[in-house]
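A short worksheet on the structure shown next.
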Amino acid sequence: MDGRAAVTAAPLAGGTAPGPPARRPRWRSWAGIPLAATMILGLVASLAWLVPLPDRLAMRSSSVVRWRDGRTAFLTLSEDERWRVPVEVDEVDPAYVDALIRLEDRRFWWHPGVDPIAVVRAAAVNLARGRVVSGASTITMQVVRLCEPRPRTLASKLVEAARAVQLELRMSKTEILSAYLDLVPMGGNLEGVEAASHAFFGHGADNLDAAEIAVLLAIPQDPTHRAPAPDHVETLAAARDAIARRLLAEGLLEPRLADGADGGAGSGASSPPVPSPGEAASAEEVLARIQATPVPDGLRPMPRQAPHAAAWLLGGPQVSGQDLVTTLDAGVQRRVEAVVADARGSLHRRGIDDVAVVVVRHRDGQVLALVGGHDFWAARDGAQIPAFAVPRSPGSALKPVLYAQALDAGMVLPEQLVLDVPVDYSGYTPENYSGEFDGMVPLQEALSRSLNVPFVRLLHQVGVESFLGQLRGMGVTSLSPVPGHYGLSAVVGGVELTPLDLARIYATIAEGGRARPLRWLEPGAPADPSVRVMSPGAAWLTIRALSRRDRPDFPGRGALSAMPRHIHWKTGTSFGNRDAWAVGSGARMTVVVWLGNLDRRPAAALVGAQAAGPLLFDILDALNDGFDQDPVAAWTRPPDLRPVEVCALSGMRAGPACPETREVPGLEAHVPPTRCTLH
């Protein structure tokens, strides 16, 4: 034995020979598992947050312009040329959502993106059949596939599963379900249930009947062969009925009777009897009515209503990704468009091709209707220009503003005689539209008859810049800011305003002199605070002067009506007959009508009273506005008026030499100091 062996065999000093190695306790061998699991989960979570989500989840969808009640008025294509309308889960019919989850992923609300029970079941079925007949895809995995299409291989399935877990970590269940509702393929360039519902049924997905629910569930399973088309009717109907039968067997759709199950034109199907109100429908009755309902065989036009307003609000007809709730009222818009459409032929024959109408609820400034032209889709230059936002000469339509301003300044009284005689201001010689002069006329009559010369004289007294400042104070934004840019012609058409500007001016008068911004978005928001720009008394006296005339094409109509009218209105005609205006306010609404040609072609028929005036009254009649239905504050004599003794002849404050006097309403704080100069 060598020395190494001896040393090895020698016992340790002071002890015994070593035995076999001691075993570690069993619990210590399991102690690292939680740590390892935590590290793995941390790695997975880190990767889930480091790896970007699919780009398509952030892709801009179709732009949506909505009526004030939230219904869709106008849709655009998305940036990738698809009809894809974003929708939240709570905006879709709950019956559809329940049926979708029951049909596609019944454990959606609790699985982590991959359903292990479905995976085991699918594996067993596929092994038993010897081929792939079930894929175990969850809704989350389908969202991944819609965002990132891949070949249908096992490797792709594993990637989809990993991406699905990532989505579950980064997004809520509701967000994932909303993404599915937005992206689910519906054939062609249709994506999502909201766009499909409009294209198939002509309404949104918030209220679906049983047949519609089954159709929306059937098409995504095979869009190529089931999307509505004449040669897909039988295939789609069979798939719809099979899905409806399955859902009914599972306790869904019982209360969801299909509407309009008469079979439609040419269906030849007789409808099963409809249960009486309150009577429960059996599954067989519901299925029979679904089967009797024709499936869509084509696409309906997408909502494209109020196109000039929608394109203007969006910034262009091709802008995508916006969702705007407007103040526009569908009923008001359609009635106005109907009146304009009826007048189109007559206007065209007279050389008038363009029109704009603005309807404002003057108590809060909300715009209820915007018509920017006749045909947005016409193949002619300027067809898509929103005429309601184009500055044009308003003719005489600004005279009421100067009238009220002069009353507030204490310069005149309504019955005061003013000169209507030729005048020359350094080469500027204004004339009346008739070409004649009346000598002396009461100021309120000069306003009612829209005489030019008295108001040019009045503007010379008030001052051009002071008048322009009043317009700006009322919210006019289209004026040039350069001092001295405008002259005395400003009150008879020497400035340019948009129909929206003019609507705000007349809404201010109708509201007793309080101005507030016009609003075309957020109908439920509180009204903007108003600013007083003229006294209540001056506004009331202006309204009284503007209400002296009935409609121009039927001047005696007021005497034949049993109901009093509360309408004050004014017309305007620009120099050279390029613009015709009529503006008026009823009990609730202010309406602006502009007629002309956007290329500025003149037309002999472009006269405010003759062309625009009748259209204004037709619109007010269609809106049933102006009748004395409700108390109107603007028609109640305000407290800042008091009786003023005036000369019966001159209308000025009576002097001691006036032979006859009478009392008229005047502003208590702004009575003209000058006594009668005729006596």
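Here, A, B, ... name the chains of the structure tokens in the order displayed, residue numbers run from 1 inside each chain, and ligands are numbered from 1 in the same displayed order.
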- Please identify which residues in region 405-452 of chain A DSSP calls alpha helix (DSSP H) from the backbone, and express them as number ranges by chain. A: 405-408, 443-448
Asp438 (chain A): which residues within 12 Å, counting only C-alpha atoms, same-chain residues fewer than 6 positions away excluded, as a PDB file with C-alpha atoms, in the first residue's frame?
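This is the output file result19.pdb:
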```pdb
ATOM      1  CA  LEU A 417     -88.087 111.127 -39.915  1.00  0.00           C
ATOM      2  CA  VAL A 418     -84.799 110.639 -41.782  1.00  0.00           C
ATOM      3  CA  LEU A 419     -83.682 111.987 -45.131  1.00  0.00           C
ATOM      4  CA  ASP A 420     -83.941 109.843 -48.230  1.00  0.00           C
ATOM      5  CA  VAL A 421     -82.490 112.237 -50.779  1.00  0.00           C
ATOM      6  CA  PRO A 422     -79.411 112.143 -53.015  1.00  0.00           C
ATOM      7  CA  GLU A 431     -78.797 104.861 -54.204  1.00  0.00           C
ATOM      8  CA  ASN A 432     -81.838 102.829 -53.233  1.00  0.00           C
ATOM      9  CA  GLU A 445     -90.031 102.255 -42.193  1.00  0.00           C
ATOM     10  CA  ALA A 446     -86.680 102.836 -43.878  1.00  0.00           C
ATOM     11  CA  ARG A 449     -88.403  98.808 -46.714  1.00  0.00           C
ATOM     12  CA  LEU A 451     -83.818 101.888 -48.062  1.00  0.00           C
ATOM     13  CA  ASN A 452     -80.096 102.409 -48.589  1.00  0.00           C
ATOM     14  CA  VAL A 453     -79.562 106.160 -48.437  1.00  0.00           C
ATOM     15  CA  PRO A 454     -80.940 106.746 -44.896  1.00  0.00           C
TER      16      PRO A 454
END
```
Excluding Tyr180 (chain A) and residues on its chain fewer than 5 positions from it, collect all residues at most 12 Å away from it, counting only C-alpha atoms, and give them as a PDB file with N, CA and C atoms, in the first residue's frame.
```pdb
ATOM      1  N   ARG A  56     -51.956  47.114 -36.138  1.00  0.00           N
ATOM      2  CA  ARG A  56     -53.318  47.291 -36.651  1.00  0.00           C
ATOM      3  C   ARG A  56     -54.304  47.696 -35.551  1.00  0.00           C
ATOM      4  N   LEU A  57     -53.950  47.411 -34.296  1.00  0.00           N
ATOM      5  CA  LEU A  57     -54.830  47.833 -33.212  1.00  0.00           C
ATOM      6  C   LEU A  57     -54.893  49.349 -33.100  1.00  0.00           C
ATOM      7  N   ARG A  84     -64.738  50.657 -41.546  1.00  0.00           N
ATOM      8  CA  ARG A  84     -64.463  50.110 -40.219  1.00  0.00           C
ATOM      9  C   ARG A  84     -64.841  51.179 -39.190  1.00  0.00           C
ATOM     10  N   VAL A  85     -65.956  50.951 -38.516  1.00  0.00           N
ATOM     11  CA  VAL A  85     -66.501  51.946 -37.591  1.00  0.00           C
ATOM     12  C   VAL A  85     -66.213  51.511 -36.160  1.00  0.00           C
ATOM     13  N   PRO A  86     -65.450  52.278 -35.416  1.00  0.00           N
ATOM     14  CA  PRO A  86     -65.157  51.881 -34.035  1.00  0.00           C
ATOM     15  C   PRO A  86     -66.414  51.865 -33.179  1.00  0.00           C
ATOM     16  N   VAL A  87     -66.512  50.881 -32.324  1.00  0.00           N
ATOM     17  CA  VAL A  87     -67.694  50.746 -31.475  1.00  0.00           C
ATOM     18  C   VAL A  87     -67.270  50.107 -30.159  1.00  0.00           C
ATOM     19  N   GLU A  88     -67.843  50.568 -29.074  1.00  0.00           N
ATOM     20  CA  GLU A  88     -67.582  49.988 -27.765  1.00  0.00           C
ATOM     21  C   GLU A  88     -68.558  48.836 -27.505  1.00  0.00           C
ATOM     22  N   VAL A  89     -68.190  47.964 -26.586  1.00  0.00           N
ATOM     23  CA  VAL A  89     -69.021  46.793 -26.303  1.00  0.00           C
ATOM     24  C   VAL A  89     -70.414  47.209 -25.858  1.00  0.00           C
ATOM     25  N   VAL A  97     -73.797  40.334 -28.377  1.00  0.00           N
ATOM     26  CA  VAL A  97     -72.567  40.069 -27.630  1.00  0.00           C
ATOM     27  C   VAL A  97     -72.663  38.733 -26.897  1.00  0.00           C
ATOM     28  N   LEU A 100     -72.421  35.953 -29.451  1.00  0.00           N
ATOM     29  CA  LEU A 100     -71.061  35.841 -29.967  1.00  0.00           C
ATOM     30  C   LEU A 100     -70.177  35.054 -29.008  1.00  0.00           C
ATOM     31  N   ILE A 101     -70.225  35.392 -27.742  1.00  0.00           N
ATOM     32  CA  ILE A 101     -69.374  34.708 -26.766  1.00  0.00           C
ATOM     33  C   ILE A 101     -69.795  33.254 -26.616  1.00  0.00           C
ATOM     34  N   GLU A 104     -68.537  31.576 -30.022  1.00  0.00           N
ATOM     35  CA  GLU A 104     -67.121  31.593 -30.389  1.00  0.00           C
ATOM     36  C   GLU A 104     -66.172  31.280 -29.235  1.00  0.00           C
ATOM     37  N   THR A 138     -59.575  31.189 -29.415  1.00  0.00           N
ATOM     38  CA  THR A 138     -60.380  32.082 -28.588  1.00  0.00           C
ATOM     39  C   THR A 138     -60.607  33.390 -29.341  1.00  0.00           C
ATOM     40  N   ILE A 139     -61.481  34.222 -28.804  1.00  0.00           N
ATOM     41  CA  ILE A 139     -61.694  35.538 -29.414  1.00  0.00           C
ATOM     42  C   ILE A 139     -60.400  36.333 -29.405  1.00  0.00           C
ATOM     43  N   THR A 140     -59.635  36.206 -28.324  1.00  0.00           N
ATOM     44  CA  THR A 140     -58.360  36.920 -28.250  1.00  0.00           C
ATOM     45  C   THR A 140     -57.413  36.443 -29.342  1.00  0.00           C
ATOM     46  N   MET A 141     -57.334  35.149 -29.584  1.00  0.00           N
ATOM     47  CA  MET A 141     -56.475  34.620 -30.639  1.00  0.00           C
ATOM     48  C   MET A 141     -56.981  35.063 -32.015  1.00  0.00           C
ATOM     49  N   GLN A 142     -58.296  35.172 -32.171  1.00  0.00           N
ATOM     50  CA  GLN A 142     -58.832  35.654 -33.442  1.00  0.00           C
ATOM     51  C   GLN A 142     -58.458  37.113 -33.682  1.00  0.00           C
ATOM     52  N   VAL A 143     -58.436  37.922 -32.606  1.00  0.00           N
ATOM     53  CA  VAL A 143     -57.997  39.312 -32.749  1.00  0.00           C
ATOM     54  C   VAL A 143     -56.553  39.351 -33.235  1.00  0.00           C
ATOM     55  N   VAL A 144     -55.697  38.482 -32.667  1.00  0.00           N
ATOM     56  CA  VAL A 144     -54.300  38.404 -33.108  1.00  0.00           C
ATOM     57  C   VAL A 144     -54.240  38.048 -34.584  1.00  0.00           C
ATOM     58  N   ARG A 145     -55.032  37.057 -34.992  1.00  0.00           N
ATOM     59  CA  ARG A 145     -55.011  36.618 -36.388  1.00  0.00           C
ATOM     60  C   ARG A 145     -55.515  37.722 -37.319  1.00  0.00           C
ATOM     61  N   LEU A 146     -56.500  38.488 -36.877  1.00  0.00           N
ATOM     62  CA  LEU A 146     -57.005  39.577 -37.703  1.00  0.00           C
ATOM     63  C   LEU A 146     -55.969  40.688 -37.850  1.00  0.00           C
ATOM     64  N   CYS A 147     -55.160  40.873 -36.812  1.00  0.00           N
ATOM     65  CA  CYS A 147     -54.129  41.909 -36.865  1.00  0.00           C
ATOM     66  C   CYS A 147     -52.893  41.447 -37.615  1.00  0.00           C
ATOM     67  N   LYS A 173     -60.397  42.808 -20.883  1.00  0.00           N
ATOM     68  CA  LYS A 173     -61.275  41.935 -21.667  1.00  0.00           C
ATOM     69  C   LYS A 173     -62.216  42.761 -22.551  1.00  0.00           C
ATOM     70  N   THR A 174     -62.715  43.858 -22.013  1.00  0.00           N
ATOM     71  CA  THR A 174     -63.631  44.698 -22.783  1.00  0.00           C
ATOM     72  C   THR A 174     -62.929  45.318 -23.980  1.00  0.00           C
ATOM     73  N   GLU A 175     -61.683  45.730 -23.799  1.00  0.00           N
ATOM     74  CA  GLU A 175     -60.924  46.296 -24.916  1.00  0.00           C
ATOM     75  C   GLU A 175     -60.659  45.244 -25.987  1.00  0.00           C
ATOM     76  N   PRO A 185     -64.083  40.291 -39.942  1.00  0.00           N
ATOM     77  CA  PRO A 185     -64.322  40.458 -41.380  1.00  0.00           C
ATOM     78  C   PRO A 185     -65.769  40.162 -41.751  1.00  0.00           C
ATOM     79  N   MET A 186     -66.309  41.032 -42.598  1.00  0.00           N
ATOM     80  CA  MET A 186     -67.693  40.883 -43.025  1.00  0.00           C
ATOM     81  C   MET A 186     -67.830  40.831 -44.547  1.00  0.00           C
ATOM     82  N   GLU A 191     -65.514  45.759 -42.374  1.00  0.00           N
ATOM     83  CA  GLU A 191     -64.972  45.177 -41.148  1.00  0.00           C
ATOM     84  C   GLU A 191     -65.780  45.668 -39.958  1.00  0.00           C
ATOM     85  N   GLY A 192     -66.045  44.777 -39.032  1.00  0.00           N
ATOM     86  CA  GLY A 192     -66.709  45.162 -37.801  1.00  0.00           C
ATOM     87  C   GLY A 192     -68.224  45.113 -37.896  1.00  0.00           C
ATOM     88  N   VAL A 193     -68.846  44.940 -36.730  1.00  0.00           N
ATOM     89  CA  VAL A 193     -70.297  44.749 -36.705  1.00  0.00           C
ATOM     90  C   VAL A 193     -71.046  46.046 -36.985  1.00  0.00           C
ATOM     91  N   GLU A 194     -70.481  47.188 -36.614  1.00  0.00           N
ATOM     92  CA  GLU A 194     -71.194  48.444 -36.827  1.00  0.00           C
ATOM     93  C   GLU A 194     -71.273  48.775 -38.313  1.00  0.00           C
ATOM     94  N   PRO A 220     -68.811  36.061 -40.666  1.00  0.00           N
ATOM     95  CA  PRO A 220     -67.363  35.985 -40.389  1.00  0.00           C
ATOM     96  C   PRO A 220     -66.795  34.576 -40.462  1.00  0.00           C
TER      97      PRO A 220
END
```
- Message: Neighbouring residues of Arg637 (chain A) were defined as those with any atom within 12 Å, considering only C-alpha atoms; residues of the same chain fewer than 6 positions away were excluded. Please report them as a PyMOL selection string.
- Response: chain A and resi 512+536-544+643+665-667
Could you write those residues out with all heavy atoms, as a short mmCIF file (atom, residue, chain, number, x, y, z; two decimals), in the first residue's frame?
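Generated file (again.cif):
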```
data_model
loop_
_atom_site.label_atom_id
_atom_site.label_comp_id
_atom_site.auth_asym_id
_atom_site.auth_seq_id
_atom_site.Cartn_x
_atom_site.Cartn_y
_atom_site.Cartn_z
N GLY A 512 -82.73 89.05 -27.62
CA GLY A 512 -82.81 90.29 -26.86
C GLY A 512 -81.48 90.99 -26.69
O GLY A 512 -81.29 91.73 -25.71
N PRO A 536 -81.82 95.27 -24.28
CA PRO A 536 -83.06 94.56 -24.61
C PRO A 536 -84.06 95.44 -25.35
O PRO A 536 -84.74 94.97 -26.26
CB PRO A 536 -83.59 94.13 -23.24
CG PRO A 536 -82.41 94.14 -22.34
CD PRO A 536 -81.51 95.21 -22.84
N GLY A 537 -84.13 96.72 -24.96
CA GLY A 537 -85.07 97.62 -25.62
C GLY A 537 -84.72 97.85 -27.08
O GLY A 537 -85.60 97.85 -27.95
N ALA A 538 -83.43 98.03 -27.39
CA ALA A 538 -83.02 98.23 -28.78
C ALA A 538 -83.30 96.98 -29.61
O ALA A 538 -83.74 97.06 -30.76
CB ALA A 538 -81.54 98.59 -28.84
N ALA A 539 -83.03 95.78 -29.03
CA ALA A 539 -83.33 94.54 -29.75
C ALA A 539 -84.83 94.42 -30.00
O ALA A 539 -85.25 94.03 -31.10
CB ALA A 539 -82.82 93.34 -28.94
N TRP A 540 -85.64 94.76 -28.99
CA TRP A 540 -87.10 94.64 -29.14
C TRP A 540 -87.62 95.59 -30.21
O TRP A 540 -88.46 95.23 -31.03
CB TRP A 540 -87.76 94.93 -27.80
CG TRP A 540 -89.24 94.69 -27.78
CD1 TRP A 540 -89.89 93.52 -27.53
CD2 TRP A 540 -90.27 95.67 -28.00
NE1 TRP A 540 -91.25 93.69 -27.58
CE2 TRP A 540 -91.52 95.01 -27.87
CE3 TRP A 540 -90.25 97.03 -28.29
CZ2 TRP A 540 -92.73 95.67 -28.03
CZ3 TRP A 540 -91.46 97.69 -28.46
CH2 TRP A 540 -92.69 97.01 -28.32
N LEU A 541 -87.12 96.84 -30.22
CA LEU A 541 -87.55 97.81 -31.23
C LEU A 541 -87.10 97.38 -32.63
O LEU A 541 -87.82 97.60 -33.61
CB LEU A 541 -86.99 99.19 -30.90
CG LEU A 541 -87.56 99.86 -29.64
CD1 LEU A 541 -86.77 101.11 -29.28
CD2 LEU A 541 -89.04 100.20 -29.84
N THR A 542 -85.94 96.73 -32.73
CA THR A 542 -85.47 96.22 -34.02
C THR A 542 -86.37 95.08 -34.50
O THR A 542 -86.75 95.03 -35.68
CB THR A 542 -84.01 95.74 -33.91
OG1 THR A 542 -83.20 96.81 -33.43
CG2 THR A 542 -83.49 95.27 -35.25
N ILE A 543 -86.71 94.19 -33.59
CA ILE A 543 -87.61 93.08 -33.94
C ILE A 543 -88.96 93.61 -34.40
O ILE A 543 -89.54 93.13 -35.38
CB ILE A 543 -87.77 92.13 -32.74
CG1 ILE A 543 -86.48 91.33 -32.53
CG2 ILE A 543 -88.95 91.19 -32.93
CD1 ILE A 543 -86.47 90.52 -31.26
N ARG A 544 -89.45 94.62 -33.71
CA ARG A 544 -90.75 95.20 -34.09
C ARG A 544 -90.70 95.75 -35.51
O ARG A 544 -91.65 95.56 -36.29
CB ARG A 544 -91.14 96.30 -33.11
CG ARG A 544 -92.56 96.82 -33.31
CD ARG A 544 -92.90 97.94 -32.36
NE ARG A 544 -92.11 99.15 -32.63
CZ ARG A 544 -92.42 100.36 -32.18
NH1 ARG A 544 -93.50 100.52 -31.41
NH2 ARG A 544 -91.65 101.40 -32.44
N PRO A 643 -92.40 105.31 -22.20
CA PRO A 643 -93.07 106.19 -23.16
C PRO A 643 -92.28 107.49 -23.34
O PRO A 643 -91.84 108.11 -22.37
CB PRO A 643 -94.43 106.45 -22.53
CG PRO A 643 -94.61 105.37 -21.54
CD PRO A 643 -93.25 105.02 -21.04
N PRO A 665 -92.61 104.11 -27.65
CA PRO A 665 -91.61 103.49 -26.77
C PRO A 665 -90.20 103.95 -27.14
O PRO A 665 -89.84 104.01 -28.31
CB PRO A 665 -91.81 102.00 -27.00
CG PRO A 665 -92.42 101.89 -28.35
CD PRO A 665 -93.26 103.12 -28.52
N GLY A 666 -89.43 104.26 -26.12
CA GLY A 666 -88.03 104.66 -26.32
C GLY A 666 -87.17 104.12 -25.19
O GLY A 666 -87.68 103.72 -24.14
N LEU A 667 -85.88 104.09 -25.42
CA LEU A 667 -84.95 103.59 -24.41
C LEU A 667 -84.85 104.59 -23.27
O LEU A 667 -84.53 105.76 -23.47
CB LEU A 667 -83.57 103.36 -25.02
CG LEU A 667 -83.48 102.23 -26.06
CD1 LEU A 667 -82.13 102.24 -26.73
CD2 LEU A 667 -83.74 100.89 -25.41
#
```
Kindly provide the residues of region 572-591 of chain A that approach region 355-376 of chain A to within 10 Å, each paired with its closest atom pair and their distance in Å to one decimal, based on only C-alpha atoms, listed by chain and increasing number, as CSV.
```
residue,atom,partner,partner_atom,distance
A:Asp579,CA,A:Val355,CA,10.0
A:Ala580,CA,A:Val355,CA,9.7
A:Trp581,CA,A:Ala356,CA,9.7
A:Ala582,CA,A:Val357,CA,9.8
A:Val583,CA,A:Val358,CA,9.5
A:Gly584,CA,A:Val359,CA,9.9
A:Ser585,CA,A:His362,CA,8.4
A:Gly586,CA,A:His362,CA,9.4
A:Ala587,CA,A:His362,CA,9.1
A:Arg588,CA,A:Arg361,CA,5.9
A:Met589,CA,A:Arg361,CA,4.5
A:Thr590,CA,A:Val360,CA,5.1
A:Val591,CA,A:Val359,CA,4.6
```
- Message: Using only C-alpha atoms, which protein or nucleic acid residues come within 9 Å of region 206-219 of chain A? Drop anything in the same chain fewer than 4 positions from it, and give the result as an NGL selection string.
- Response: :A and (90-96 or 99-100 or 103 or 185-187 or 193-194 or 196-197 or 200-201 or 223-228 or 236-237 or 239-244 or 247 or 253-259 or 286-287 or 289-291 or 293-296)
- Query: Separation of CA of Arg60 (chain A) and CA of Ala229 (chain A), in Å?
  - Reply: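 According to the coordinates, CA of Arg60 (chain A) and CA of Ala229 (chain A) are separated by 27.9 Å.
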